[in-house]
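Single-structure report; data block below.
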Amino acid sequence: MKPDPFRRFVALHHHRCSGDAAKRLTVSADSPDLLALAERLIAASAFSTVGPLDLRIATEWREAPAQEHRLVACGPLAVLCWGQTQIFFDSERCEVMIFAGPEIHDEALFSEALSSLLQATGTP
Amino acid sequence: MTRQKDEPWRTRISVGGGACELSTNSAALLSMLQETIAVDEDPRWDLHVEVDLQSDSALGQPHFRGMGHAATACFGSGATVLFDILRRKVTARVSAVVAHDERFWRQVALPLSAGVLGAAVGVMPVHSACLCVGDAGVLVAGVSGTGKSTLALALSLQGMEFLSDDWSYCRLTRKGIQVGATGVRVKLLPEAIEHFDALAALTPGISMNGELAFEFDPASIFPVRRRSGCTARMLVFYQRSASGPASFTAVSSAEARVYLEDSVERLPEELEAAAQLRARVLSAVAELPCWRFTSPALPHQAARELLDFVRRADAAFEGAAQ
């Protein structure tokens, strides 16, 4: 079934927790592969010091148009749009929500993206 | 329009009957969206617009995504809108070109924001047209493609006041269910020209969902009176039939509620309070006198049939009230 381009919310069925209580990372994804990738990317980024962190990641659909790099902050919530990838970060709730396009595999840029989200939301 | 030194410009505007605190770095944008009538109600949500004065990027095709309490609407390089449904805040980053595009703000951005935040702020978008006789509003629902917009315009030409043709914004007050409009244009497919000659003066364009359609302010083309708000008195489900006489059959509140809940977005678990608020509003709408109107007639005749029924029902209602 072709996804509705106006549908805004997705369900995630794969979950895993790792780390101790203070740095606990909970990952929810729509596939085991993406779950493992997200875990690895977060561990290698500035987010490894933020915790406990709740990360939700879903595969972006191919129909998504590529966006220019753009960061928008709304108080403790910020979004970074980048190609077909969108990363939300809520600093108060310690939540990261990702729609993962092909750009997600560029680890250096992904790490940079997360750092800019921390900065935009004033997260120490 | 107020401003503290080094702070953004601020004003209060009404969107779908709910108050919004608008702040922006653009005095021109604020002036364009400024209400002619002061909005006294406390704001239900905040909208901050950051205009990139150096950017002349145009709007692109819309793209929506959301997870949990966060959602975005991206319109190419011209505009990115971030919705924080939990905190009832919206932030938009737009180009200077988009900042001056009044149609974008009035027809897209403000109604979209009211729709996304609706459940959280208690101003619920209901998938129905709304027409009024005085303050009494009739919500006309029906599945997409039924002809709600065509019927709404035909009803307006029969003398009902026009509030909306597709989405109506309902909120609970001491006076009952208040319905508000966002001033969105009527959207009709090109074949509607068969029923409304005046459409020949317009050129259809590509609408937001990619359809070729006429989009217009009905009061600027037709002798139609617009209304910005009313009290909901009746809910009508419109169905076109292939043949047979027009009929009106009572619809239970349970059935009405199923329709209303099916037409709204599923909410994630962190928005439980918003889901409960929405359920209260939708329950109240479903408790309105509710009828299924089935007719094979063309729009103007169907409008006469429905208007006649509404007048008789309204007279009965008034009689019962006395």
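Letters for chains follow the order of the structure tokens (A, B, ...), residue numbers begin at 1 for each chain, and ligand numbers begin at 1 in the order shown.
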Quiz item: Residues of chain A in helix (DSSP H, G or I) according to DSSP, as an MDAnalysis selection string?
Solution: chainID A and resid 32:43 46:49 102:105 107:120
Filtering to N, CA, C and O atoms, could you give me those residues as a tab-separated table (two decimals), in the first residue's frame?
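Done, and the output landed in part_34.tsv:
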chain	number	residue	atom	x	y	z
A	32	PRO	N	14.86	-4.08	12.48
A	32	PRO	CA	16.01	-4.42	13.32
A	32	PRO	C	17.30	-3.76	12.81
A	32	PRO	O	18.14	-3.34	13.60
A	33	ASP	N	17.46	-3.65	11.49
A	33	ASP	CA	18.67	-3.05	10.93
A	33	ASP	C	18.81	-1.60	11.34
A	33	ASP	O	19.89	-1.12	11.73
A	34	LEU	N	17.69	-0.88	11.25
A	34	LEU	CA	17.72	0.55	11.59
A	34	LEU	C	17.96	0.73	13.08
A	34	LEU	O	18.63	1.68	13.51
A	35	LEU	N	17.42	-0.19	13.86
A	35	LEU	CA	17.63	-0.13	15.31
A	35	LEU	C	19.13	-0.23	15.62
A	35	LEU	O	19.69	0.57	16.38
A	36	ALA	N	19.79	-1.20	15.01
A	36	ALA	CA	21.22	-1.40	15.27
A	36	ALA	C	22.03	-0.20	14.78
A	36	ALA	O	22.95	0.26	15.46
A	37	LEU	N	21.67	0.32	13.61
A	37	LEU	CA	22.38	1.47	13.05
A	37	LEU	C	22.24	2.68	13.97
A	37	LEU	O	23.23	3.37	14.28
A	38	ALA	N	21.02	2.93	14.42
A	38	ALA	CA	20.77	4.09	15.27
A	38	ALA	C	21.56	4.00	16.57
A	38	ALA	O	22.15	4.98	17.02
A	39	GLU	N	21.57	2.83	17.15
A	39	GLU	CA	22.31	2.62	18.39
A	39	GLU	C	23.78	2.97	18.22
A	39	GLU	O	24.38	3.66	19.03
A	40	ARG	N	24.33	2.51	17.10
A	40	ARG	CA	25.75	2.72	16.83
A	40	ARG	C	26.03	4.21	16.57
A	40	ARG	O	26.99	4.77	17.10
A	41	LEU	N	25.15	4.86	15.80
A	41	LEU	CA	25.37	6.27	15.45
A	41	LEU	C	25.28	7.17	16.69
A	41	LEU	O	26.07	8.09	16.86
A	42	ILE	N	24.32	6.88	17.54
A	42	ILE	CA	24.15	7.69	18.75
A	42	ILE	C	25.36	7.53	19.67
A	42	ILE	O	25.88	8.50	20.23
A	43	ALA	N	25.81	6.30	19.79
A	43	ALA	CA	26.96	6.03	20.68
A	43	ALA	C	28.20	6.79	20.21
A	43	ALA	O	29.04	7.19	21.02
A	46	ALA	N	27.71	13.19	19.87
A	46	ALA	CA	27.67	13.98	21.10
A	46	ALA	C	26.51	13.55	22.00
A	46	ALA	O	26.48	13.85	23.19
A	47	PHE	N	25.55	12.84	21.44
A	47	PHE	CA	24.41	12.39	22.23
A	47	PHE	C	24.77	11.27	23.20
A	47	PHE	O	23.97	10.90	24.03
A	48	SER	N	25.98	10.74	23.07
A	48	SER	CA	26.36	9.65	23.97
A	48	SER	C	26.44	10.14	25.41
A	48	SER	O	26.39	9.35	26.35
A	49	THR	N	26.53	11.47	25.60
A	49	THR	CA	26.60	12.00	26.97
A	49	THR	C	25.24	12.47	27.48
A	49	THR	O	25.10	12.91	28.61
A	102	PRO	N	18.47	8.21	3.08
A	102	PRO	CA	19.80	7.62	2.79
A	102	PRO	C	20.94	8.35	3.48
A	102	PRO	O	21.98	7.75	3.76
A	103	GLU	N	20.75	9.64	3.80
A	103	GLU	CA	21.82	10.43	4.43
A	103	GLU	C	22.23	9.88	5.79
A	103	GLU	O	23.32	10.17	6.29
A	104	ILE	N	21.35	9.08	6.40
A	104	ILE	CA	21.61	8.59	7.75
A	104	ILE	C	22.90	7.77	7.79
A	104	ILE	O	23.52	7.62	8.84
A	105	HIS	N	23.32	7.23	6.63
A	105	HIS	CA	24.51	6.37	6.62
A	105	HIS	C	25.82	7.18	6.60
A	105	HIS	O	26.89	6.60	6.76
A	107	GLU	N	28.01	8.92	8.59
A	107	GLU	CA	28.15	9.04	10.05
A	107	GLU	C	28.70	10.39	10.49
A	107	GLU	O	28.27	10.93	11.51
A	108	ALA	N	29.65	10.94	9.70
A	108	ALA	CA	30.24	12.22	10.10
A	108	ALA	C	29.18	13.33	10.06
A	108	ALA	O	29.05	14.13	10.99
A	109	LEU	N	28.40	13.35	8.98
A	109	LEU	CA	27.36	14.38	8.86
A	109	LEU	C	26.25	14.17	9.89
A	109	LEU	O	25.70	15.12	10.44
A	110	PHE	N	25.95	12.92	10.16
A	110	PHE	CA	24.92	12.63	11.16
A	110	PHE	C	25.35	13.15	12.53
A	110	PHE	O	24.57	13.78	13.25
A	111	SER	N	26.59	12.90	12.86
A	111	SER	CA	27.12	13.35	14.15
A	111	SER	C	27.08	14.88	14.24
A	111	SER	O	26.71	15.46	15.27
A	112	GLU	N	27.43	15.52	13.13
A	112	GLU	CA	27.40	16.98	13.07
A	112	GLU	C	25.96	17.50	13.24
A	112	GLU	O	25.71	18.49	13.94
A	113	ALA	N	25.03	16.78	12.62
A	113	ALA	CA	23.61	17.17	12.71
A	113	ALA	C	23.13	17.12	14.15
A	113	ALA	O	22.45	18.03	14.64
A	114	LEU	N	23.50	16.06	14.85
A	114	LEU	CA	23.07	15.93	16.24
A	114	LEU	C	23.70	17.03	17.11
A	114	LEU	O	23.03	17.58	18.00
A	115	SER	N	24.94	17.36	16.84
A	115	SER	CA	25.59	18.44	17.60
A	115	SER	C	24.86	19.77	17.40
A	115	SER	O	24.66	20.54	18.35
A	116	SER	N	24.43	20.03	16.16
A	116	SER	CA	23.74	21.30	15.90
A	116	SER	C	22.37	21.32	16.60
A	116	SER	O	21.90	22.37	17.03
A	117	LEU	N	21.74	20.15	16.74
A	117	LEU	CA	20.46	20.10	17.46
A	117	LEU	C	20.66	20.37	18.95
A	117	LEU	O	19.85	21.05	19.59
A	118	LEU	N	21.73	19.82	19.50
A	118	LEU	CA	22.04	20.08	20.92
A	118	LEU	C	22.25	21.58	21.14
A	118	LEU	O	21.74	22.16	22.10
A	119	GLN	N	22.97	22.18	20.21
A	119	GLN	CA	23.27	23.60	20.32
A	119	GLN	C	21.99	24.44	20.19
A	119	GLN	O	21.75	25.37	20.95
A	120	ALA	N	21.15	24.08	19.21
A	120	ALA	CA	19.92	24.85	18.94
A	120	ALA	C	18.96	24.82	20.12
A	120	ALA	O	18.19	25.76	20.34
Quiz prompt | chain B contacts on chain A, only C-alpha atoms, 12 Å, as a ChimeraX atom specification | solution = /A:3-12,28-29,54-61,63-90,92-93,95-100
Exercise. Assign secondary structure with DSSP using the backbone only, and return the residues of stretch 23-126 of chain B in strand (DSSP E) as a ChimeraX atom specification.
Key: /B:23-24,45-52,62-67,70-75,79-84,89-95,124-126
Quiz prompt | Of the listed residues B:Ser247, B:Ser55, B:Gln178, B:Ser263, that which approaches B:Gly122 most closely, counting only C-alpha atoms | solution =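 Ranking B:Ser247, B:Ser55, B:Gln178, B:Ser263 by distance to B:Gly122, first place goes to B:Gln178.
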Exercise. Just the residues within 8 Å of B:Met234, please, counting only C-alpha atoms, with nothing from its chain fewer than 2 positions along; format it as a list in words.
Key: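 In the requested form, the answer reads Gly137, Val138, Leu139, Ala232, Val236, Leu288, Pro289 and Cys290 of chain B.
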Quiz item: Which value, in Å to one decimal, gives the distance between atom CA of B:Pro43 and atom CA of A:Cys94?
Solution: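 Separation between atom CA of B:Pro43 and atom CA of A:Cys94: 27.2 Å.
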Exercise. Would you kindly return, as a list in words, each protein, DNA or RNA residue with an atom no farther than 7 Å from any atom of B:Phe237, considering only C-alpha atoms and excluding same-chain residues fewer than 4 positions away?
Key: Val140, Ala141, Gly142, Trp291, Arg292 and Phe293 of chain B
Residues of the last selection are to be written out with N, CA and C atoms, as a JSON list (two decimals), in the first residue's frame.
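Written output follows (out.json):
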[["chain", "number", "residue", "atom", "x", "y", "z"],
["B", 140, "VAL", "N", -22.35, 19.94, 7.48],
["B", 140, "VAL", "CA", -22.66, 19.01, 6.39],
["B", 140, "VAL", "C", -21.44, 18.13, 6.15],
["B", 141, "ALA", "N", -21.55, 16.87, 6.59],
["B", 141, "ALA", "CA", -20.42, 15.95, 6.48],
["B", 141, "ALA", "C", -20.64, 14.99, 5.31],
["B", 142, "GLY", "N", -19.62, 14.29, 4.96],
["B", 142, "GLY", "CA", -19.71, 13.31, 3.88],
["B", 142, "GLY", "C", -18.32, 12.91, 3.48],
["B", 291, "TRP", "N", -28.72, 13.67, 10.89],
["B", 291, "TRP", "CA", -29.55, 13.09, 9.82],
["B", 291, "TRP", "C", -28.67, 12.67, 8.64],
["B", 292, "ARG", "N", -29.13, 11.61, 7.97],
["B", 292, "ARG", "CA", -28.49, 11.24, 6.70],
["B", 292, "ARG", "C", -29.39, 11.74, 5.57],
["B", 293, "PHE", "N", -28.83, 12.58, 4.74],
["B", 293, "PHE", "CA", -29.55, 13.17, 3.61],
["B", 293, "PHE", "C", -29.07, 12.46, 2.35]]
